[in-house]
Each structure stands twice: as structure tokens, then as C-alpha cells.
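Asker: Below is the file my_file-v9.pdb, with PDB, C-alpha atoms.
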ATOM      1  CA  MET Q   6     106.900 145.958 137.289
ATOM      2  CA  GLN Q   7     107.011 143.314 139.963
ATOM      3  CA  GLU Q   8     105.946 140.729 137.415
ATOM      4  CA  ILE Q   9     108.669 141.701 135.003
ATOM      5  CA  LEU Q  10     111.294 141.354 137.698
ATOM      6  CA  GLU Q  11     110.066 137.911 138.589
ATOM      7  CA  ARG Q  12     109.919 136.652 135.054
ATOM      8  CA  PRO Q  13     112.384 133.781 134.675
ATOM      9  CA  THR Q  14     115.344 134.134 132.381
ATOM     10  CA  THR Q  15     115.132 132.490 128.998
ATOM     11  CA  LYS Q  16     117.184 129.538 130.083
ATOM     12  CA  GLU Q  17     115.015 128.868 133.118
ATOM     13  CA  ALA Q  18     111.896 129.246 131.013
ATOM     14  CA  ALA Q  19     113.265 126.686 128.603
ATOM     15  CA  VAL Q  20     113.755 124.190 131.410
ATOM     16  CA  VAL Q  21     110.191 124.748 132.602
ATOM     17  CA  ASP Q  22     108.897 124.361 129.046
ATOM     18  CA  LYS Q  23     110.731 121.113 128.697
ATOM     19  CA  ASN Q  24     108.975 119.533 131.635
ATOM     20  CA  LYS Q  25     105.537 121.003 131.242
ATOM     21  CA  GLY Q  26     102.930 120.863 128.534
ATOM     22  CA  LYS Q  27     105.055 119.173 125.934
ATOM     23  CA  VAL Q  28     103.160 117.906 122.891
ATOM     24  CA  LYS Q  29     103.576 114.139 122.886
ATOM     25  CA  LYS Q  30     101.061 113.129 120.277
ATOM     26  CA  VAL Q  31      99.005 114.755 117.544
ATOM     27  CA  LEU Q  32      95.839 113.492 115.953
ATOM     28  CA  VAL Q  33      95.412 115.207 112.611
ATOM     29  CA  ILE Q  34      91.912 115.038 111.175
ATOM     30  CA  CYS Q  35      91.666 115.771 107.470
ATOM     31  CA  SER Q  36      88.104 116.443 106.361
ATOM     32  CA  LYS Q  37      88.837 118.140 103.048
ATOM     33  CA  GLY Q  38      90.011 116.885  99.691
ATOM     34  CA  LYS Q  39      91.565 120.026  98.275
ATOM     35  CA  LEU Q  40      95.245 119.758  97.439
ATOM     36  CA  GLU Q  41      96.288 122.515  99.834
ATOM     37  CA  ASP Q  42      94.217 121.226 102.753
ATOM     38  CA  VAL Q  43      95.472 117.682 102.375
ATOM     39  CA  TYR Q  44      99.069 118.884 102.232
ATOM     40  CA  ALA Q  45      98.540 121.002 105.347
ATOM     41  CA  ALA Q  46      97.405 117.874 107.189
ATOM     42  CA  LEU Q  47     100.236 115.728 105.801
ATOM     43  CA  VAL Q  48     102.920 118.298 106.583
ATOM     44  CA  MET Q  49     101.693 118.656 110.149
ATOM     45  CA  ALA Q  50     101.547 114.912 110.793
ATOM     46  CA  ASN Q  51     104.924 114.270 109.198
ATOM     47  CA  GLY Q  52     106.400 117.333 110.905
ATOM     48  CA  ALA Q  53     105.325 115.943 114.260
ATOM     49  CA  LEU Q  54     107.094 112.640 113.581
ATOM     50  CA  MET Q  55     110.206 114.548 112.559
ATOM     51  CA  GLU Q  56     110.193 116.163 116.004
ATOM     52  CA  GLY Q  57     109.794 112.865 117.783
ATOM     53  CA  ILE Q  58     106.076 113.436 118.406
ATOM     54  CA  GLN Q  59     103.664 110.562 117.758
ATOM     55  CA  ALA Q  60     101.218 111.163 114.921
ATOM     56  CA  LYS Q  61      97.900 109.630 113.939
ATOM     57  CA  MET Q  62      95.799 110.698 110.973
ATOM     58  CA  PHE Q  63      92.073 110.364 110.502
ATOM     59  CA  PHE Q  64      90.617 111.068 107.065
ATOM     60  CA  THR Q  65      86.938 111.807 106.771
ATOM     61  CA  PHE Q  66      84.438 113.131 104.232
ATOM     62  CA  PHE Q  67      86.155 114.617 101.195
ATOM     63  CA  GLY Q  68      89.465 114.041 102.928
ATOM     64  CA  LEU Q  69      88.980 110.373 101.992
ATOM     65  CA  GLU Q  70      89.903 111.319  98.414
ATOM     66  CA  ALA Q  71      93.470 111.777  99.625
ATOM     67  CA  ILE Q  72      93.803 108.144 100.660
ATOM     68  CA  THR Q  73      92.079 106.412  97.754
ATOM     69  CA  LYS Q  74      94.308 104.536  95.332
ATOM     70  CA  LYS Q  75      92.400 106.164  92.510
ATOM     71  CA  ASN Q  76      92.637 109.830  93.446
ATOM     72  CA  ALA Q  77      95.364 110.341  96.044
ATOM     73  CA  ASP Q  78      97.842 111.701  93.514
ATOM     74  CA  HIS Q  79      95.239 113.563  91.471
ATOM     75  CA  LEU Q  80      93.909 116.098  93.949
ATOM     76  CA  HIS Q  81      92.972 119.557  92.766
ATOM     77  CA  THR Q  82      93.068 122.986  94.237
ATOM     78  CA  ALA Q  83      89.820 124.976  94.150
ATOM     79  CA  THR Q  84      89.944 127.960  91.834
ATOM     80  CA  VAL Q  85      86.328 128.987  92.418
ATOM     81  CA  GLY Q  86      85.200 130.147  95.835
ATOM     82  CA  ASN Q  87      88.784 130.704  96.847
ATOM     83  CA  PRO Q  88      89.425 134.467  96.995
ATOM     84  CA  ALA Q  89      93.066 133.999  97.975
ATOM     85  CA  PHE Q  90      93.746 132.135  94.738
ATOM     86  CA  MET Q  91      95.075 134.622  92.165
ATOM     87  CA  PRO Q  92      93.351 137.698  93.611
ATOM     88  CA  GLY Q  93      91.741 139.702  90.847
ATOM     89  CA  MET Q  94      90.914 136.637  88.784
ATOM     90  CA  PRO Q  95      87.192 136.878  87.890
ATOM     91  CA  THR Q  96      85.249 133.929  89.277
ATOM     92  CA  MET Q  97      83.776 133.196  85.853
ATOM     93  CA  VAL Q  98      87.224 132.833  84.318
ATOM     94  CA  ALA Q  99      88.367 130.637  87.195
ATOM     95  CA  GLY Q 100      85.371 128.436  86.494
ATOM     96  CA  LEU Q 101      86.148 127.812  82.827
ATOM     97  CA  PRO Q 102      86.577 124.159  81.871
ATOM     98  CA  GLY Q 103      90.128 123.016  82.389
ATOM     99  CA  PHE Q 104      91.121 126.003  84.478
ATOM    100  CA  GLU Q 105      91.140 124.114  87.749
ATOM    101  CA  ALA Q 106      93.174 121.291  86.236
ATOM    102  CA  PHE Q 107      95.669 123.799  84.873
ATOM    103  CA  ALA Q 108      95.942 125.636  88.211
ATOM    104  CA  SER Q 109      96.436 122.338  90.039
ATOM    105  CA  TYR Q 110      99.111 121.334  87.558
ATOM    106  CA  MET Q 111     100.944 124.615  88.137
ATOM    107  CA  MET Q 112     100.655 124.242  91.894
ATOM    108  CA  LYS Q 113     102.070 120.705  91.787
ATOM    109  CA  LYS Q 114     104.938 121.951  89.654
ATOM    110  CA  GLU Q 115     105.805 124.521  92.310
ATOM    111  CA  MET Q 116     105.598 121.827  94.978
ATOM    112  CA  ASP Q 117     107.973 119.610  92.995
ATOM    113  CA  LYS Q 118     110.445 122.480  92.962
ATOM    114  CA  LEU Q 119     110.331 122.494  96.764
ATOM    115  CA  ASP Q 120     110.939 118.750  96.748
ATOM    116  CA  MET Q 121     107.521 118.060  98.250
ATOM    117  CA  PRO Q 122     106.517 114.426  97.828
ATOM    118  CA  HIS Q 123     103.302 113.385  96.114
ATOM    119  CA  VAL Q 124     100.428 112.391  98.396
ATOM    120  CA  THR Q 125     101.020 108.629  98.173
ATOM    121  CA  GLU Q 126     104.723 109.025  98.898
ATOM    122  CA  PHE Q 127     103.917 111.378 101.767
ATOM    123  CA  LEU Q 128     101.594 108.759 103.255
ATOM    124  CA  GLN Q 129     104.378 106.170 102.922
ATOM    125  CA  MET Q 130     106.793 108.522 104.687
ATOM    126  CA  ILE Q 131     104.344 109.008 107.534
ATOM    127  CA  GLU Q 132     103.848 105.280 107.931
ATOM    128  CA  ALA Q 133     107.606 104.689 107.788
ATOM    129  CA  GLY Q 134     108.028 107.247 110.562
ATOM    130  CA  GLY Q 135     105.674 105.311 112.804
ATOM    131  CA  GLY Q 136     102.549 107.357 112.042
ATOM    132  CA  GLU Q 137      99.165 105.662 111.672
ATOM    133  CA  ILE Q 138      96.547 106.427 109.062
ATOM    134  CA  TYR Q 139      92.833 105.724 109.442
ATOM    135  CA  ALA Q 140      89.690 106.252 107.401
ATOM    136  CA  CYS Q 141      86.312 107.303 108.795
ATOM    137  CA  LYS Q 142      83.700 104.554 108.721
ATOM    138  CA  LEU Q 143      80.686 106.814 108.302
ATOM    139  CA  ALA Q 144      82.209 108.700 105.382
ATOM    140  CA  ALA Q 145      83.536 105.505 103.782
ATOM    141  CA  ASP Q 146      80.026 104.007 103.952
ATOM    142  CA  MET Q 147      78.569 107.173 102.487
ATOM    143  CA  PHE Q 148      80.960 107.232  99.538
ATOM    144  CA  HIS Q 149      80.771 103.417  99.127
ATOM    145  CA  LEU Q 150      84.494 103.009  99.746
ATOM    146  CA  LYS Q 151      86.008  99.789 101.052
ATOM    147  CA  LYS Q 152      89.386  98.935 102.563
ATOM    148  CA  GLU Q 153      90.669  97.795  99.148
ATOM    149  CA  ASP Q 154      89.856 101.207  97.651
ATOM    150  CA  PHE Q 155      92.336 102.843 100.002
ATOM    151  CA  VAL Q 156      96.123 102.928  99.731
ATOM    152  CA  ASP Q 157      97.942 100.206 101.684
ATOM    153  CA  GLU Q 158      99.078 102.640 104.373
ATOM    154  CA  VAL Q 159      95.498 102.955 105.636
ATOM    155  CA  LYS Q 160      95.513 100.819 108.752
ATOM    156  CA  ASN Q 161      91.806 100.540 109.306
ATOM    157  CA  ILE Q 162      88.367 102.031 108.826
ATOM    158  CA  ILE Q 163      87.217 103.244 112.229
ATOM    159  CA  THR Q 164      84.341 104.993 114.001
ATOM    160  CA  VAL Q 165      84.468 108.417 115.585
ATOM    161  CA  GLY Q 166      84.717 106.723 118.989
ATOM    162  CA  ASP Q 167      87.764 104.758 117.878
ATOM    163  CA  MET Q 168      89.220 108.009 116.617
ATOM    164  CA  TYR Q 169      88.981 109.606 120.058
ATOM    165  CA  ALA Q 170      90.662 106.537 121.522
ATOM    166  CA  LEU Q 171      93.635 107.314 119.245
ATOM    167  CA  ALA Q 172      93.963 110.656 120.999
ATOM    168  CA  GLU Q 173      94.196 109.091 124.455
ATOM    169  CA  GLY Q 174      96.975 110.169 126.759
ATOM    170  CA  GLU Q 175      98.384 113.318 128.248
ATOM    171  CA  GLY Q 176      99.975 115.803 125.894
ATOM    172  CA  THR Q 177      97.813 114.952 122.872
ATOM    173  CA  GLN Q 178      96.625 117.652 120.511
ATOM    174  CA  ILE Q 179      93.849 117.264 117.978
ATOM    175  CA  ILE Q 180      94.261 119.247 114.781
ATOM    176  CA  PHE Q 181      91.282 119.597 112.462
ATOM    177  CA  VAL Q 182      91.783 120.459 108.820
TER     178      VAL Q 182
ATOM    179  CA  MET K   1     128.247 130.963 124.720
ATOM    180  CA  GLU K   2     127.844 127.260 125.388
ATOM    181  CA  THR K   3     130.762 124.931 125.152
ATOM    182  CA  LEU K   4     131.235 121.240 125.318
ATOM    183  CA  THR K   5     134.503 119.842 126.564
ATOM    184  CA  TYR K   6     135.703 116.678 124.971
ATOM    185  CA  ASN K   7     139.195 115.205 125.473
ATOM    186  CA  GLY K   8     140.325 118.515 126.867
ATOM    187  CA  THR K   9     139.176 120.413 123.776
ATOM    188  CA  GLN K  10     136.582 123.129 124.066
ATOM    189  CA  ILE K  11     133.931 122.744 121.405
ATOM    190  CA  GLU K  12     131.489 125.556 120.759
ATOM    191  CA  VAL K  13     127.852 124.575 120.481
ATOM    192  CA  ASN K  14     124.638 126.573 120.219
ATOM    193  CA  ALA K  15     121.868 126.638 122.821
ATOM    194  CA  GLU K  16     120.389 123.418 121.419
ATOM    195  CA  GLY K  17     123.715 121.616 121.490
ATOM    196  CA  TYR K  18     124.549 121.739 117.777
ATOM    197  CA  LEU K  19     128.201 122.254 116.865
ATOM    198  CA  LYS K  20     129.005 125.725 115.584
ATOM    199  CA  ASP K  21     131.889 124.503 113.480
ATOM    200  CA  MET K  22     131.427 121.163 111.748
ATOM    201  CA  ASN K  23     135.198 120.843 111.356
ATOM    202  CA  GLN K  24     135.562 120.321 115.088
ATOM    203  CA  TRP K  25     133.692 117.027 114.722
ATOM    204  CA  THR K  26     135.391 113.682 115.203
ATOM    205  CA  PRO K  27     133.885 110.180 115.161
ATOM    206  CA  GLU K  28     134.809 109.876 118.851
ATOM    207  CA  LEU K  29     132.892 113.049 119.633
ATOM    208  CA  ALA K  30     129.936 111.619 117.734
ATOM    209  CA  THR K  31     130.018 108.496 119.877
ATOM    210  CA  GLU K  32     130.043 110.649 122.993
ATOM    211  CA  MET K  33     127.177 112.855 121.756
ATOM    212  CA  ALA K  34     125.172 109.800 120.745
ATOM    213  CA  THR K  35     125.487 108.362 124.242
ATOM    214  CA  GLN K  36     123.664 111.425 125.532
ATOM    215  CA  GLU K  37     120.830 110.609 123.128
ATOM    216  CA  ASP K  38     120.879 106.980 124.336
ATOM    217  CA  ILE K  39     122.171 105.786 120.982
ATOM    218  CA  VAL K  40     125.045 103.344 120.536
ATOM    219  CA  LEU K  41     126.575 104.110 117.170
ATOM    220  CA  THR K  42     127.101 101.314 114.663
ATOM    221  CA  SER K  43     128.764 101.439 111.262
ATOM    222  CA  LYS K  44     125.317 102.007 109.745
ATOM    223  CA  HIS K  45     124.914 105.103 111.911
ATOM    224  CA  PHE K  46     128.284 106.355 110.707
ATOM    225  CA  ASP K  47     127.308 105.785 107.078
ATOM    226  CA  VAL K  48     124.366 108.116 107.651
ATOM    227  CA  LEU K  49     126.435 110.654 109.592
ATOM    228  CA  ASN K  50     129.105 110.784 106.906
ATOM    229  CA  TRP K  51     126.476 111.157 104.198
ATOM    230  CA  LEU K  52     124.859 114.030 106.114
ATOM    231  CA  ARG K  53     128.211 115.735 106.565
ATOM    232  CA  ALA K  54     129.069 115.354 102.883
ATOM    233  CA  LYS K  55     125.711 116.841 101.844
ATOM    234  CA  GLN K  56     126.080 119.667 104.345
ATOM    235  CA  ALA K  57     129.554 120.436 102.989
ATOM    236  CA  GLU K  58     128.045 120.579  99.479
ATOM    237  CA  GLY K  59     125.459 123.013 100.729
ATOM    238  CA  THR K  60     122.511 120.716  99.923
ATOM    239  CA  PRO K  61     119.458 121.393 102.103
ATOM    240  CA  LEU K  62     118.705 118.239 104.070
ATOM    241  CA  SER K  63     115.360 116.555 104.568
ATOM    242  CA  ILE K  64     114.147 113.185 105.789
ATOM    243  CA  ARG K  65     113.012 112.409 102.263
ATOM    244  CA  LYS K  66     116.519 113.000 100.898
ATOM    245  CA  VAL K  67     117.991 110.687 103.515
ATOM    246  CA  GLY K  68     115.366 108.124 102.488
ATOM    247  CA  ASN K  69     116.535 108.420  98.879
ATOM    248  CA  SER K  70     120.226 108.351  99.786
ATOM    249  CA  GLY K  71     120.543 104.620  99.174
ATOM    250  CA  ILE K  72     122.052 104.186 102.647
ATOM    251  CA  VAL K  73     118.881 103.782 104.680
ATOM    252  CA  ASP K  74     115.185 104.015 103.967
ATOM    253  CA  ILE K  75     112.981 106.285 106.034
ATOM    254  CA  LYS K  76     111.882 103.517 108.359
ATOM    255  CA  GLN K  77     115.471 102.499 109.124
ATOM    256  CA  PHE K  78     116.394 106.162 109.607
ATOM    257  CA  TYR K  79     113.712 106.535 112.291
ATOM    258  CA  ALA K  80     114.892 103.300 113.901
ATOM    259  CA  LEU K  81     118.555 104.370 113.964
ATOM    260  CA  PHE K  82     117.886 107.810 115.434
ATOM    261  CA  PRO K  83     114.722 107.696 117.537
ATOM    262  CA  GLY K  84     113.033 110.873 118.726
ATOM    263  CA  GLY K  85     113.242 112.978 115.579
ATOM    264  CA  PRO K  86     115.780 111.363 113.252
ATOM    265  CA  LEU K  87     116.902 114.346 111.204
ATOM    266  CA  LYS K  88     117.532 116.662 114.137
ATOM    267  CA  VAL K  89     119.129 113.966 116.292
ATOM    268  CA  SER K  90     121.393 112.693 113.499
ATOM    269  CA  SER K  91     122.381 116.226 112.494
ATOM    270  CA  LYS K  92     123.393 117.011 116.037
ATOM    271  CA  ILE K  93     125.530 113.876 116.258
ATOM    272  CA  ALA K  94     126.957 114.578 112.784
ATOM    273  CA  GLY K  95     128.148 117.962 114.021
ATOM    274  CA  ILE K  96     126.167 119.923 111.435
ATOM    275  CA  PRO K  97     123.547 122.660 111.991
ATOM    276  CA  LYS K  98     119.937 121.721 112.698
ATOM    277  CA  PRO K  99     118.275 121.433 109.264
ATOM    278  CA  ALA K 100     115.495 123.945 108.615
ATOM    279  CA  SER K 101     113.276 121.433 106.888
ATOM    280  CA  CYS K 102     109.500 121.070 107.101
ATOM    281  CA  ILE K 103     109.298 117.835 105.132
TER     282      ILE K 103
END
Show how you would write the structure in this file as C-alpha cells.
Answerer:
Amino acid sequence: MQEILERPTTKEAAVVDKNKGKVKKVLVICSKGKLEDVYAALVMANGALMEGIQAKMFFTFFGLEAITKKNADHLHTATVGNPAFMPGMPTMVAGLPGFEAFASYMMKKEMDKLDMPHVTEFLQMIEAGGGEIYACKLAADMFHLKKEDFVDEVKNIITVGDMYALAEGEGTQIIFV
Amino acid sequence: METLTYNGTQIEVNAEGYLKDMNQWTPELATEMATQEDIVLTSKHFDVLNWLRAKQAEGTPLSIRKVGNSGIVDIKQFYALFPGGPLKVSSKIAGIPKPASCI
């Protein structure tokens, strides 16, 4: 009871919130190359910039697909091993040739309806908003990818140590996708 | 109820400082509101503000991407004109509601 009485009013709480624990920077790590995972990472990074929060992105492992010139705009959604995708759809049907391509096409059509940009345009928007995009050195070496394989918005290929340096400073949050 | 007094007129705003009635907006009020955001408005700013107001009046949902495709500014210029969250800052100064946009 005592606690309830002492709880600050909403307005006071808002003032406290404003001065304490504000998110100043996000580092979004994208380690997956599925359409929905990449979009989750892009939306969060871009959303941060829209709020006046700094944003850095680090793409690693299959996430690198999202920043290659070749595949950035041709990502797929997984129809197999994804129980939330069309529940009731038998796995064997979802695995038929062409099914994944069809599902991805349908998903992109829905995204177009919502005015969601394609991956390359999204990366351009993030760069235009002051965000920075990096590729993981270890993963790039593993997949034999070089700087010229990546879209122009990729600032550099960096190590995991460099990545942590990007997150320096108070009020930084690291988001792993 | 929060109000903002400008030139002796009481202007109703919500808790975040957005105008409740976009018709109460004037360019002078915009200049005053911009000062509080540390922005000195130029004609380029007003081009954006007027575009936002026109789109809002049409009922078009606003997003940073749409502003970027408006032909008035590109996204980079938009961020430069209204630092600290361009869409929300510009909407506030334009006297329109805060856009509910995730992109």
C-alpha cells in the first residue's frame, strides 16, 4: 500500500524516464538470411533512426546474403521447418519444388501493399538516415565474399572486436537477430 | 489538457506537444515550435511542412520513405533538416498528429 502511495504520477514518471536509461544507440546484428529475419533487423535499425537513436548494423553468417548485390533483393522465407508458416500445411507439401519461391513471392506482394521497401532500398534509407552497415570478416572469409560483392552501403568488413567497438557508449543496446 | 499559448491564443496540444487541431497552425507558430527543437526554419523546411500538411489533409499515411519520394527532399536531406527523428519532429512543427509509421 505504502508503495502504491509513493508511486510517482505519470507525468513525473515521464520526466524521470526522460533523464534516465534512454536508448541512445542500437547495434543490430543480423545473423540470418531469411526474408522475415532480415526485415526484422532492418525495421529495428531504421526505426531507431526515425526516433533519433543512432543505429549500426552488423551482418554475419547467412545474414550476409541480405547485403550482397546478388541476393539482397531475392531473399526467401523458409516454408519448411517453420511451424508458424501456414499452420496445417504438411511439411512435405511445403518442401515441393517451387513452393518456397511462391511463398516468398506472396510475402513480398503483401509487403509491397504495406509500402515496405525492398532490402536494397531499405539499406539506402538506413544509410541516408545516418546509420552504418558492416559485414562480418569471419563470415565473409568463409563464404568467399569480398567488399565488391556487397552493396555500396556496406561501410566495411570488420572483426567481432570492431563490432563491439561500434557499441561503445552509455545507452547502447545490442539486438541480435 | 495541455495548452500552448502563442500570440495570446490558446492552442490545444497533446501530452507530447502535437497540435490537436491542425487548423490552428500558422507559419509563425511553426517558427516558434521549431525554435524549441533548435531548428531555424528555412523555405526548404516550409516546403516539407506544407507537403506534410497537404498529405495529412488528404488522409495519406505518412512515412519517411514517402517524404523521400516527395520530390521535395531526399531522405538524407530530410534527416538533416529535422534532426533527432525527422518524421516526428517535422510533424510536430507542421501541426499534424504524430504519424504511426514503422518504416
Asker: With a distance threshold of 9 Å and counting all atoms listed in the file, extract the residues of chain Q near chain K and express them as a short mmCIF file (atom, residue, chain, number, x, y, z; two decimals) with C-alpha atoms, keeping the file's coordinate frame.
Answerer:
data_model
loop_
_atom_site.label_atom_id
_atom_site.label_comp_id
_atom_site.auth_asym_id
_atom_site.auth_seq_id
_atom_site.Cartn_x
_atom_site.Cartn_y
_atom_site.Cartn_z
CA VAL Q 48 102.92 118.30 106.58
CA MET Q 49 101.69 118.66 110.15
CA ASN Q 51 104.92 114.27 109.20
CA GLY Q 52 106.40 117.33 110.90
CA ALA Q 53 105.32 115.94 114.26
CA LEU Q 54 107.09 112.64 113.58
CA MET Q 55 110.21 114.55 112.56
CA GLU Q 56 110.19 116.16 116.00
CA GLY Q 57 109.79 112.86 117.78
CA ILE Q 58 106.08 113.44 118.41
CA ASP Q 120 110.94 118.75 96.75
CA MET Q 121 107.52 118.06 98.25
CA PRO Q 122 106.52 114.43 97.83
CA MET Q 130 106.79 108.52 104.69
CA GLU Q 132 103.85 105.28 107.93
CA ALA Q 133 107.61 104.69 107.79
CA GLY Q 134 108.03 107.25 110.56
CA GLY Q 135 105.67 105.31 112.80
#
Asker: Counting only C-alpha atoms, find the residues whose atoms lie at most 12 Å from (89.9, 110.6, 98.0) (file coordinates) and write them out as a ChimeraX atom specification.
Answerer: /Q:35-40,43,64-81,124-125,140-141,144-145,148-151,154-156
Asker: Could you list, as a CSV table (one decimal) with C-alpha atoms, keeping the file's coordinate frame, every residue within 12 Å of Ala54 (chain K), counting only C-alpha atoms and ignoring same-chain residues fewer than 2 positions away?
Answerer:
chain,number,residue,atom,x,y,z
K,22,MET,CA,131.4,121.2,111.7
K,23,ASN,CA,135.2,120.8,111.4
K,46,PHE,CA,128.3,106.4,110.7
K,47,ASP,CA,127.3,105.8,107.1
K,48,VAL,CA,124.4,108.1,107.7
K,49,LEU,CA,126.4,110.7,109.6
K,50,ASN,CA,129.1,110.8,106.9
K,51,TRP,CA,126.5,111.2,104.2
K,52,LEU,CA,124.9,114.0,106.1
K,56,GLN,CA,126.1,119.7,104.3
K,57,ALA,CA,129.6,120.4,103.0
K,58,GLU,CA,128.0,120.6,99.5
K,59,GLY,CA,125.5,123.0,100.7
K,60,THR,CA,122.5,120.7,99.9
K,61,PRO,CA,119.5,121.4,102.1
K,62,LEU,CA,118.7,118.2,104.1
K,70,SER,CA,120.2,108.4,99.8
K,91,SER,CA,122.4,116.2,112.5
K,94,ALA,CA,127.0,114.6,112.8
K,95,GLY,CA,128.1,118.0,114.0
K,96,ILE,CA,126.2,119.9,111.4
Asker: What's the separation between CA of Arg53 (chain K) and CA of Ala34 (chain K), in Å to one decimal place?
Answerer: 15.7 Å
Asker: Which polymer residues have any atom within 12 Å of an atom of Pro95 (chain Q), counting only C-alpha atoms, with same-chain residues fewer than 5 positions away left out, as a compact mmCIF listing (two decimals) with C-alpha atoms, in the frame of the given file?
Answerer:
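Writing the result to selection.txt gives the following:
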# COMPACT_ATOMS: atom_id res chain seq x y z
CA THR Q 84 89.94 127.96 91.83
CA VAL Q 85 86.33 128.99 92.42
CA GLY Q 86 85.20 130.15 95.84
CA ASN Q 87 88.78 130.70 96.85
CA PRO Q 88 89.42 134.47 97.00
CA PHE Q 90 93.75 132.14 94.74
CA GLY Q 100 85.37 128.44 86.49
CA LEU Q 101 86.15 127.81 82.83
Asker: Could you tell me how far CA of Ile72 (chain K) sits from CA of Glu37 (chain K), in Å to one decimal place?
Answerer: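 Taking CA of Glu37 (chain K) as the start and CA of Ile72 (chain K) as the end point, the length is 21.5 Å.
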Asker: Which residue gives the smallest distance to Val33 (chain Q) among Q:Phe104, Q:Tyr139, Q:Phe63, Q:Tyr110, with only C-alpha atoms counted?
Answerer: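 Among Q:Phe104, Q:Tyr139, Q:Phe63, Q:Tyr110, it is Q:Phe63 that comes nearest to Val33 (chain Q).
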Asker: Please expand the PyMOL selection byres ((chain Q and resi 168) around 10) into the concrete residues it hits in this file, giving the result as a count of residues only.
Answerer: 19
Asker: Would you mind reading off the distance between CA of Thr177 (chain Q) and CA of Ala50 (chain Q), one decimal, in Å?
Answerer: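 One can read the CA of Thr177 (chain Q) to CA of Ala50 (chain Q) distance as 12.6 Å.
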Asker: Point out the residue among K:Gln10, K:Thr42, K:Lys98, K:Val67 with the least atom-to-atom distance to Ala30 (chain K), counting all atoms listed in the file.
Answerer: K:Thr42
Asker: Looking at K:Gln24, K:Leu81, K:Glu2, K:Pro99, which one is nearest to Lys44 (chain K), with distances taken over all atoms listed in the file?
Answerer: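 Smallest distance to Lys44 (chain K) is found for K:Leu81.
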Asker: Have a look at Q:Asp146, Q:Gly136, Q:Glu105, Q:Val182 and name the one nearest to Lys160 (chain Q); count all atoms listed in the file.
Answerer: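 Closest residue, counting all atoms listed in the file: Q:Gly136.
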Asker: Would you be able to write out as a PyMOL selection string which residues have an atom within 7 Å of (123.2, 124.9, 114.6) in the file's coordinates, counting only C-alpha atoms?
Answerer: chain K and resi 14+18-20+96-98
Asker: Would you mind exporting C-alpha atoms of the selected residues as an mmCIF file, keeping the file's coordinate frame?
Answerer:
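Result written to result.cif:
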data_model
loop_
_atom_site.group_PDB
_atom_site.id
_atom_site.type_symbol
_atom_site.label_atom_id
_atom_site.label_comp_id
_atom_site.auth_asym_id
_atom_site.auth_seq_id
_atom_site.Cartn_x
_atom_site.Cartn_y
_atom_site.Cartn_z
ATOM 1 C CA ASN K 14 124.638 126.573 120.219
ATOM 2 C CA TYR K 18 124.549 121.739 117.777
ATOM 3 C CA LEU K 19 128.201 122.254 116.865
ATOM 4 C CA LYS K 20 129.005 125.725 115.584
ATOM 5 C CA ILE K 96 126.167 119.923 111.435
ATOM 6 C CA PRO K 97 123.547 122.660 111.991
ATOM 7 C CA LYS K 98 119.937 121.721 112.698
#
Asker: Complete the atom set of region 136-147 of chain Q to N, CA and C atoms and return it as a PDB file, in the frame of the given file.
Answerer:
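Saved the output as part_32.pdb:
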ATOM      1  N   GLY Q 136     103.890 106.759 111.997  1.00  0.00           N
ATOM      2  CA  GLY Q 136     102.549 107.357 112.042  1.00  0.00           C
ATOM      3  C   GLY Q 136     101.501 106.333 111.627  1.00  0.00           C
ATOM      4  N   GLU Q 137     100.255 106.579 112.028  1.00  0.00           N
ATOM      5  CA  GLU Q 137      99.165 105.662 111.672  1.00  0.00           C
ATOM      6  C   GLU Q 137      98.082 106.432 110.931  1.00  0.00           C
ATOM      7  N   ILE Q 138      97.526 105.769 109.921  1.00  0.00           N
ATOM      8  CA  ILE Q 138      96.547 106.427 109.062  1.00  0.00           C
ATOM      9  C   ILE Q 138      95.238 105.641 109.083  1.00  0.00           C
ATOM     10  N   TYR Q 139      94.149 106.361 109.346  1.00  0.00           N
ATOM     11  CA  TYR Q 139      92.833 105.724 109.442  1.00  0.00           C
ATOM     12  C   TYR Q 139      91.817 106.446 108.565  1.00  0.00           C
ATOM     13  N   ALA Q 140      90.801 105.671 108.165  1.00  0.00           N
ATOM     14  CA  ALA Q 140      89.690 106.252 107.401  1.00  0.00           C
ATOM     15  C   ALA Q 140      88.436 106.232 108.266  1.00  0.00           C
ATOM     16  N   CYS Q 141      87.550 107.178 108.021  1.00  0.00           N
ATOM     17  CA  CYS Q 141      86.312 107.303 108.795  1.00  0.00           C
ATOM     18  C   CYS Q 141      85.260 106.344 108.246  1.00  0.00           C
ATOM     19  N   LYS Q 142      84.661 105.572 109.128  1.00  0.00           N
ATOM     20  CA  LYS Q 142      83.700 104.554 108.721  1.00  0.00           C
ATOM     21  C   LYS Q 142      82.445 105.188 108.103  1.00  0.00           C
ATOM     22  N   LEU Q 143      81.923 106.188 108.770  1.00  0.00           N
ATOM     23  CA  LEU Q 143      80.686 106.814 108.302  1.00  0.00           C
ATOM     24  C   LEU Q 143      80.856 107.383 106.887  1.00  0.00           C
ATOM     25  N   ALA Q 144      81.960 108.098 106.691  1.00  0.00           N
ATOM     26  CA  ALA Q 144      82.209 108.700 105.382  1.00  0.00           C
ATOM     27  C   ALA Q 144      82.490 107.628 104.334  1.00  0.00           C
ATOM     28  N   ALA Q 145      83.224 106.589 104.728  1.00  0.00           N
ATOM     29  CA  ALA Q 145      83.536 105.505 103.782  1.00  0.00           C
ATOM     30  C   ALA Q 145      82.237 104.825 103.341  1.00  0.00           C
ATOM     31  N   ASP Q 146      81.321 104.609 104.290  1.00  0.00           N
ATOM     32  CA  ASP Q 146      80.026 104.007 103.952  1.00  0.00           C
ATOM     33  C   ASP Q 146      79.261 104.924 102.994  1.00  0.00           C
ATOM     34  N   MET Q 147      79.313 106.202 103.298  1.00  0.00           N
ATOM     35  CA  MET Q 147      78.569 107.173 102.487  1.00  0.00           C
ATOM     36  C   MET Q 147      79.077 107.226 101.050  1.00  0.00           C
TER      37      MET Q 147
END
